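Structure file work_25.cif (mmCIF, C-alpha atoms and all ligand atoms) is printed below.
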data_model
loop_
_atom_site.label_atom_id
_atom_site.label_comp_id
_atom_site.auth_asym_id
_atom_site.auth_seq_id
_atom_site.Cartn_x
_atom_site.Cartn_y
_atom_site.Cartn_z
CA MET A 1 -0.64 12.13 34.76
CA VAL A 2 -3.85 12.35 32.77
CA VAL A 3 -3.62 10.67 29.35
CA TYR A 4 -6.64 10.93 27.06
CA PHE A 5 -7.93 9.82 23.70
CA SER A 6 -10.74 11.85 22.18
CA GLY A 7 -12.45 11.83 18.78
CA THR A 8 -14.77 14.80 19.18
CA GLY A 9 -13.72 16.54 22.38
CA ASN A 10 -15.87 15.10 25.20
CA THR A 11 -13.05 13.06 26.69
CA ARG A 12 -10.52 15.86 26.16
CA TYR A 13 -12.82 18.09 28.20
CA ALA A 14 -13.14 15.52 31.03
CA ALA A 15 -9.37 14.94 31.05
CA GLU A 16 -8.57 18.66 31.11
CA CYS A 17 -10.99 19.19 34.02
CA ILE A 18 -9.43 16.34 36.00
CA SER A 19 -5.88 17.54 35.37
CA GLU A 20 -6.78 21.12 36.28
CA LEU A 21 -8.44 20.05 39.53
CA THR A 22 -5.55 17.74 40.46
CA PHE A 23 -2.81 20.17 39.29
CA ASP A 24 -1.53 17.39 37.06
CA GLU A 25 -0.21 17.17 33.49
CA THR A 26 -2.25 16.13 30.43
CA ARG A 27 -1.09 14.11 27.43
CA ASP A 28 -2.99 13.68 24.16
CA MET A 29 -2.86 9.96 23.33
CA LYS A 30 -3.83 10.56 19.69
CA GLU A 31 -0.68 12.58 19.07
CA LEU A 32 1.41 9.86 20.69
CA ILE A 33 -0.31 7.09 18.71
CA ARG A 34 0.33 9.00 15.50
CA THR A 35 4.10 8.93 16.15
CA GLY A 36 3.95 5.11 15.98
CA LYS A 37 6.56 4.93 18.75
CA ARG A 38 6.44 3.07 22.07
CA VAL A 39 5.86 5.63 24.82
CA LYS A 40 7.53 5.86 28.24
CA PHE A 41 5.72 7.89 30.89
CA TYR A 42 6.95 9.04 34.26
CA SER A 43 4.52 10.31 36.87
CA ASN A 44 4.59 10.46 40.63
CA LYS A 45 0.83 11.03 40.72
CA PRO A 46 -1.63 8.25 39.76
CA TYR A 47 -2.10 7.58 36.04
CA VAL A 48 -5.57 8.52 34.80
CA PHE A 49 -6.40 7.10 31.38
CA CYS A 50 -9.45 8.69 29.77
CA ALA A 51 -11.21 7.50 26.60
CA PRO A 52 -14.65 7.24 25.01
CA ILE A 53 -16.62 4.00 25.15
CA TYR A 54 -17.10 2.26 21.80
CA ALA A 55 -19.43 -0.76 21.97
CA TRP A 56 -19.07 -1.18 25.73
CA ARG A 57 -15.26 -1.08 25.87
CA PHE A 58 -12.38 1.34 25.42
CA PRO A 59 -11.45 1.48 21.69
CA PRO A 60 -8.94 -1.24 20.69
CA LEU A 61 -6.28 1.34 19.78
CA VAL A 62 -6.55 2.79 23.29
CA GLU A 63 -6.35 -0.58 25.02
CA SER A 64 -3.27 -1.53 23.01
CA PHE A 65 -1.64 1.89 23.56
CA ILE A 66 -1.99 1.46 27.34
CA GLU A 67 -0.80 -2.14 27.17
CA ASN A 68 2.29 -1.15 25.17
CA SER A 69 3.29 1.95 27.13
CA ASP A 70 5.90 1.94 29.88
CA LEU A 71 4.52 3.45 33.06
CA TRP A 72 7.19 4.56 35.53
CA GLY A 73 6.79 6.19 38.92
CA SER A 74 3.31 5.74 40.34
CA ASN A 75 1.87 2.23 40.39
CA GLU A 76 -1.76 3.39 40.55
CA VAL A 77 -3.98 3.52 37.48
CA TYR A 78 -7.49 4.99 37.20
CA PHE A 79 -9.70 4.77 34.13
CA VAL A 80 -12.31 7.37 33.19
CA ALA A 81 -14.63 6.85 30.24
CA THR A 82 -17.01 9.21 28.53
CA CYS A 83 -20.03 7.64 26.90
CA GLU A 84 -23.64 8.28 25.98
CA SER A 85 -24.90 6.10 28.86
CA GLN A 86 -23.49 2.54 28.75
CA THR A 87 -20.04 1.38 29.78
CA GLY A 88 -20.58 -2.39 29.37
CA ASN A 89 -17.70 -4.42 30.73
CA ALA A 90 -14.93 -1.94 29.86
CA ALA A 91 -13.51 -2.13 33.39
CA LYS A 92 -12.89 -5.88 33.19
CA TYR A 93 -10.56 -5.55 30.19
CA LEU A 94 -8.73 -2.57 31.70
CA LYS A 95 -8.22 -4.40 34.97
CA ALA A 96 -6.71 -7.30 33.01
CA ILE A 97 -4.25 -4.89 31.32
CA CYS A 98 -3.21 -3.55 34.74
CA GLU A 99 -2.66 -7.08 36.05
CA LYS A 100 -0.52 -7.93 33.03
CA LYS A 101 1.59 -4.80 33.57
CA GLY A 102 1.93 -5.28 37.32
CA MET A 103 0.08 -2.01 37.94
CA ARG A 104 -2.60 -1.41 40.57
CA PHE A 105 -6.12 -1.07 39.12
CA MET A 106 -7.70 1.78 41.11
CA GLY A 107 -11.10 1.60 39.43
CA PHE A 108 -13.17 2.82 36.52
CA ALA A 109 -16.06 5.25 36.02
CA GLY A 110 -18.12 6.36 33.03
CA ILE A 111 -19.37 9.92 32.55
CA PRO A 112 -22.45 10.40 30.34
CA MET A 113 -21.77 13.04 27.70
CA PRO A 114 -23.41 14.01 24.39
CA GLU A 115 -23.63 11.25 21.77
CA ASN A 116 -21.04 11.74 19.01
CA TYR A 117 -21.77 8.70 16.83
CA THR A 118 -23.30 10.65 13.94
CA VAL A 119 -23.20 7.51 11.75
CA MET A 120 -25.96 5.98 13.93
CA TYR A 121 -27.57 8.67 16.06
CA LYS A 122 -28.39 12.37 16.20
CA ALA A 123 -26.47 14.60 18.58
CA PRO A 124 -28.62 16.08 21.38
CA SER A 125 -29.97 19.64 21.07
CA GLU A 126 -27.92 22.52 22.50
CA ALA A 127 -30.29 22.76 25.50
CA GLU A 128 -29.98 19.04 26.16
CA GLN A 129 -26.18 19.25 25.81
CA LYS A 130 -26.07 21.92 28.51
CA LYS A 131 -28.01 19.69 30.93
CA ILE A 132 -25.75 16.72 30.12
CA PHE A 133 -22.60 18.78 30.79
CA ASP A 134 -23.98 20.14 34.06
CA ARG A 135 -24.44 16.54 35.26
CA ALA A 136 -21.06 15.55 33.80
CA ASP A 137 -19.31 18.31 35.76
CA GLU A 138 -20.76 16.90 39.00
CA GLU A 139 -19.45 13.45 38.14
CA ILE A 140 -16.02 14.84 37.18
CA VAL A 141 -15.75 16.45 40.61
CA ARG A 142 -16.79 13.19 42.34
CA ILE A 143 -14.19 11.22 40.34
CA THR A 144 -11.45 13.77 40.97
CA ASN A 145 -12.10 13.76 44.69
CA ILE A 146 -11.62 9.99 44.73
CA ILE A 147 -8.40 10.19 42.69
CA ILE A 148 -6.93 12.84 44.99
CA ARG A 149 -7.62 10.60 48.00
CA HIS A 150 -6.18 7.50 46.26
CA GLN A 151 -9.49 5.70 46.93
CA HIS A 152 -11.10 3.04 44.76
CA LEU A 153 -13.27 4.43 41.93
CA ASP A 154 -16.62 2.77 41.17
CA ASP A 155 -18.75 3.14 38.07
CA LYS A 156 -22.16 4.69 38.75
CA LEU A 157 -23.29 3.37 35.35
CA ASP A 158 -22.48 -0.26 36.30
CA MET A 159 -24.56 -2.43 33.95
CA LYS A 160 -24.41 -5.40 36.34
CA LEU A 161 -25.86 -8.57 34.75
CA LEU A 162 -25.65 -7.18 31.21
CA LYS A 163 -21.86 -6.70 31.36
CA PRO A 164 -20.88 -10.17 30.11
CA PHE A 165 -22.68 -9.49 26.81
CA THR A 166 -19.81 -7.13 25.96
CA ALA A 167 -17.88 -10.20 24.82
CA ILE A 168 -20.48 -10.70 22.06
CA ILE A 169 -21.57 -7.14 21.29
CA ASN A 170 -18.09 -5.60 20.96
CA PRO A 171 -16.64 -7.94 18.29
CA TRP A 172 -19.99 -8.03 16.46
CA PHE A 173 -20.07 -4.22 16.33
CA TYR A 174 -16.52 -3.94 14.97
CA GLY A 175 -17.15 -6.67 12.38
CA ALA A 176 -20.50 -5.30 11.22
CA PHE A 177 -20.04 -1.52 11.37
CA VAL A 178 -16.51 -0.23 11.80
CA SER A 179 -15.02 0.40 8.39
CA SER A 180 -13.72 3.39 6.44
CA LYS A 181 -15.31 2.22 3.17
CA LYS A 182 -18.40 4.43 3.34
CA PHE A 183 -16.62 7.72 4.02
CA ARG A 184 -16.95 10.15 1.12
CA VAL A 185 -16.52 13.83 0.52
CA THR A 186 -18.96 16.27 -1.08
CA ASP A 187 -18.38 19.38 -3.17
CA SER A 188 -18.39 21.47 0.03
CA CYS A 189 -14.81 20.26 0.68
CA VAL A 190 -12.42 23.23 0.68
CA SER A 191 -9.26 21.05 0.74
CA CYS A 192 -8.20 22.43 4.14
CA GLY A 193 -6.69 19.06 5.16
CA LYS A 194 -8.00 19.21 8.72
CA CYS A 195 -9.26 15.61 8.43
CA VAL A 196 -5.71 14.45 7.60
CA GLY A 197 -4.39 15.77 10.91
CA VAL A 198 -7.12 14.38 13.19
CA CYS A 199 -7.08 10.71 12.18
CA PRO A 200 -5.39 8.61 14.91
CA TYR A 201 -4.37 6.00 12.36
CA LYS A 202 -3.07 8.59 9.83
CA SER A 203 -5.42 6.87 7.39
CA ILE A 204 -6.48 9.99 5.51
CA ARG A 205 -4.47 11.63 2.74
CA LEU A 206 -5.38 14.26 0.18
CA VAL A 207 -5.47 13.19 -3.44
CA ASN A 208 -5.98 16.12 -5.81
CA GLY A 209 -6.92 18.14 -2.73
CA LYS A 210 -9.67 15.74 -1.56
CA PRO A 211 -9.53 13.24 1.33
CA VAL A 212 -9.13 9.55 0.59
CA TRP A 213 -9.45 6.97 3.37
CA ALA A 214 -7.18 3.95 3.85
CA ASP A 215 -8.64 0.86 5.57
CA LYS A 216 -7.65 1.44 9.19
CA CYS A 217 -10.43 3.23 11.07
CA THR A 218 -11.96 3.12 14.55
CA HIS A 219 -15.00 5.30 13.79
CA CYS A 220 -13.87 7.97 16.25
CA MET A 221 -15.80 10.51 14.13
CA ALA A 222 -12.98 13.06 14.34
CA CYS A 223 -12.85 13.54 10.56
CA LEU A 224 -16.60 13.59 9.96
CA ASN A 225 -17.59 15.76 12.91
CA GLY A 226 -14.49 17.95 12.74
CA CYS A 227 -14.83 18.95 9.09
CA PRO A 228 -15.32 22.75 9.09
CA THR A 229 -17.65 22.63 6.09
CA SER A 230 -19.46 19.36 7.00
CA ALA A 231 -18.25 17.99 3.69
CA ILE A 232 -17.61 14.46 4.96
CA GLU A 233 -20.47 11.96 4.82
CA TYR A 234 -20.75 8.29 5.71
CA GLY A 235 -22.83 6.73 2.95
CA ARG A 236 -26.27 8.31 3.33
CA ARG A 237 -26.51 7.77 7.10
CA THR A 238 -25.11 11.19 8.01
CA VAL A 239 -26.83 13.32 5.37
CA GLY A 240 -28.65 16.28 6.92
CA LYS A 241 -27.46 15.46 10.46
CA LYS A 242 -25.94 18.19 12.59
CA ARG A 243 -22.26 17.54 13.40
CA TYR A 244 -21.06 17.31 17.00
CA LEU A 245 -17.85 18.70 18.52
CA CYS A 246 -17.21 19.59 22.16
CA GLU A 247 -15.22 22.79 22.40
CA ARG A 248 -15.84 23.38 26.11
CA LYS A 249 -12.99 24.51 28.32
CA PRO A 250 -12.68 23.51 31.99
CA ASN A 251 -14.54 25.90 34.24
CA ILE A 252 -15.14 23.85 37.38
CA ILE A 253 -14.42 25.24 40.79
CA TRP A 254 -14.27 23.18 43.96
CA ARG A 255 -17.33 23.74 46.06
C1 LIG B 1 -17.96 4.10 17.36
C2 LIG B 1 -18.70 4.59 18.58
C3 LIG B 1 -19.27 3.69 19.46
C4 LIG B 1 -19.93 4.14 20.62
N1 LIG B 1 -20.39 3.22 21.51
C5 LIG B 1 -20.95 3.64 22.68
C6 LIG B 1 -21.37 2.70 23.69
O1 LIG B 1 -21.20 1.49 23.57
N2 LIG B 1 -21.95 3.19 24.80
C7 LIG B 1 -22.19 4.53 25.00
O2 LIG B 1 -22.78 4.89 26.01
N3 LIG B 1 -21.75 5.45 24.09
C8 LIG B 1 -21.13 5.04 22.94
N4 LIG B 1 -20.68 5.96 22.02
C9 LIG B 1 -20.76 7.42 22.34
C10 LIG B 1 -19.42 7.98 22.84
O3 LIG B 1 -18.81 7.10 23.75
C11 LIG B 1 -19.57 9.35 23.54
O4 LIG B 1 -20.28 10.26 22.77
C12 LIG B 1 -18.20 9.88 23.90
O5 LIG B 1 -18.37 10.87 24.90
C13 LIG B 1 -17.41 10.49 22.74
O6 LIG B 1 -16.18 10.95 23.23
P1 LIG B 1 -15.16 11.90 22.42
O7 LIG B 1 -15.94 13.18 22.10
O8 LIG B 1 -14.06 12.16 23.37
O9 LIG B 1 -14.74 11.19 21.20
C14 LIG B 1 -20.04 5.54 20.87
C15 LIG B 1 -19.48 6.44 19.96
C16 LIG B 1 -18.81 5.98 18.83
C17 LIG B 1 -18.19 6.98 17.88
#
So, in terms of structure tokens, how does the structure I just supplied come out?
Amino acid sequence: MVVYFSGTGNTRYAAECISELTFDETRDMKELIRTGKRVKFYSNKPYVFCAPIYAWRFPPLVESFIENSDLWGSNEVYFVATCESQTGNAAKYLKAICEKKGMRFMGFAGIPMPENYTVMYKAPSEAEQKKIFDRADEEIVRITNIIIRHQHLDDKLDMKLLKPFTAIINPWFYGAFVSSKKFRVTDSCVSCGKCVGVCPYKSIRLVNGKPVWADKCTHCMACLNGCPTSAIEYGRRTVGKKRYLCERKPNIIWR
């Protein structure tokens, strides 16, 4: 079973490719998180948890979702991340979750995909995105081949000696940057309410037709990048920046 979390579509795309190539089922973790209920899964194929990397780890809401889910059937768990280029020490924390749950950690790999963190960076050009996805498709096939054979998965992006710095960088990043306080909406807002439905924490509600953010936020960028009229800004950091969403559909064939 392939279970994914995705803010702007990159990880959904990777997960859908893997499930299509393995003839497996896909589950959208965000929808399950939004129910607020503890989830029981049953799968006789390996579990494949897919998520974006935020500050060199899986997002906290993803780690705690995995930790608090009941996994029946298969004992094997793979982890696939999408990222811009750096996976830090994500694997270490995921391995620890597997050990705690008595599951078998089958490995971790990161797939470079277009940057979606509009609050800090610019998304790559369309031409650059195409090149990134061509390379990503190769890596998705490599990963899938390993999963099908029940072999151990290694991360090609392994940051080696830098990995331990995750323990400093990750909490610093969340403390210094991750907050909903700077989200605001401009006059381009058409009150469609799309942002309300995409927030994993259900933190957004419409007041007089305009979005208002509660405190809980993981900076997944689903609201900001998914707004059909680009009406959501984050302070001044996002003004004039092109928004990024991956709407690709799986189109990989075994070669
Ligand atoms: C809050 C935040 C933090 C990020 N941190 C990292 C990082 O540490 N390393 C990295 O390579 N990419 C990082 N990225 C980029 C995303 O991991 C990457 O674009 C990912 O493919 C987005 O997946 P999604 O479209 O499924 O949400 C970050 C993005 C966000 C929004």
Can you pull out every residue with an atom within 6 Å of ligand LIG 1 (chain B)? Use only C-alpha atoms and all ligand atoms and format it as a PyMOL selection string. chain A and resi 6-12+52-56+82-87+113-117+219-221
Residue contacts of A:Ile252 (10 Å, only C-alpha atoms) excluding same-chain residues fewer than 3 positions away, as a PyMOL selection string: chain A and resi 17-18+20-21+137-138+140-141+249+255
Please report as a tab-separated table every residue of stretch 122-165 of chain A lying within 12 Å of stretch 231-242 of chain A, along with the nearest atom pair and their distance in Å (one decimal), using only C-alpha atoms.
residue	atom	partner	partner_atom	distance
A:Lys122	CA	A:Lys241	CA	6.6
A:Ala123	CA	A:Lys242	CA	7.0
A:Pro124	CA	A:Lys242	CA	9.4
A:Ser125	CA	A:Lys242	CA	9.5
A:Glu126	CA	A:Lys242	CA	11.0
Could you name the residues that touch A:Thr22 at 9 Å or less, counting all atoms listed in the file, but leaving out those on the same chain fewer than 6 positions away, as a ChimeraX atom specification? /A:144-145,147-148
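For the pair atom CA of A:Cys223 and atom CA of A:Asn89, the interatomic distance is 27.4 Å.
All residues that come within 8 Å of the coordinates (-3.6, 1.7, 44.7), counting all atoms listed in the file, are given as Asn75, Glu76, Val77, Arg104, Phe105, Met106, His150, Gln151 and His152 of chain A.
Within the 12 Å cut-off around A:Gly197, using only C-alpha atoms and omitting residues fewer than 2 positions from it on the same chain, the listed residues are A:Gly7, A:Lys30, A:Glu31, A:Arg34, A:Cys192, A:Gly193, A:Lys194, A:Cys195, A:Cys199, A:Pro200, A:Tyr201, A:Lys202, A:Ser203, A:Ile204, A:Arg205, A:Leu206, A:Pro211, A:Ala222, A:Cys223, A:Gly226, A:Cys227.
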Just write the chosen residues, C-alpha atoms, as a compact mmCIF listing (two decimals), in the coordinates of the input.
# COMPACT_ATOMS: atom_id res chain seq x y z
CA GLY A 7 -12.45 11.83 18.78
CA LYS A 30 -3.83 10.56 19.69
CA GLU A 31 -0.68 12.58 19.07
CA ARG A 34 0.33 9.00 15.50
CA CYS A 192 -8.20 22.43 4.14
CA GLY A 193 -6.69 19.06 5.16
CA LYS A 194 -8.00 19.21 8.72
CA CYS A 195 -9.26 15.61 8.43
CA CYS A 199 -7.08 10.71 12.18
CA PRO A 200 -5.39 8.61 14.91
CA TYR A 201 -4.37 6.00 12.36
CA LYS A 202 -3.07 8.59 9.83
CA SER A 203 -5.42 6.87 7.39
CA ILE A 204 -6.48 9.99 5.51
CA ARG A 205 -4.47 11.63 2.74
CA LEU A 206 -5.38 14.26 0.18
CA PRO A 211 -9.53 13.24 1.33
CA ALA A 222 -12.98 13.06 14.34
CA CYS A 223 -12.85 13.54 10.56
CA GLY A 226 -14.49 17.95 12.74
CA CYS A 227 -14.83 18.95 9.09
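Of the listed residues (A:Asn68, A:Ser74, A:Ser19, A:Thr118), A:Ser74 comes nearest to A:Tyr42; the distances count all atoms listed in the file.
Of note, atom CA of A:Val207 and atom CA of A:Phe183 are spaced 14.5 Å apart.
Distances to A:Arg149 were evaluated for A:Arg184, A:Lys95, A:Lys45, A:Arg243 using all atoms listed in the file, and the minimum falls at A:Lys45.
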Pick out the residues sitting within 9 Å of A:Lys156, and hand them over as a PyMOL selection string; count all atoms listed in the file, and ignore anything fewer than 5 positions along from it in its own chain. chain A and resi 109-111
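For the choices A:Met1, A:Val39, A:Cys217, A:Leu245, the atom-to-atom distance to A:Pro59 is smallest for A:Cys217 when using only C-alpha atoms.
Atom to atom, atom CA of A:Leu61 and atom CA of A:Thr186 stand 28.6 Å apart.
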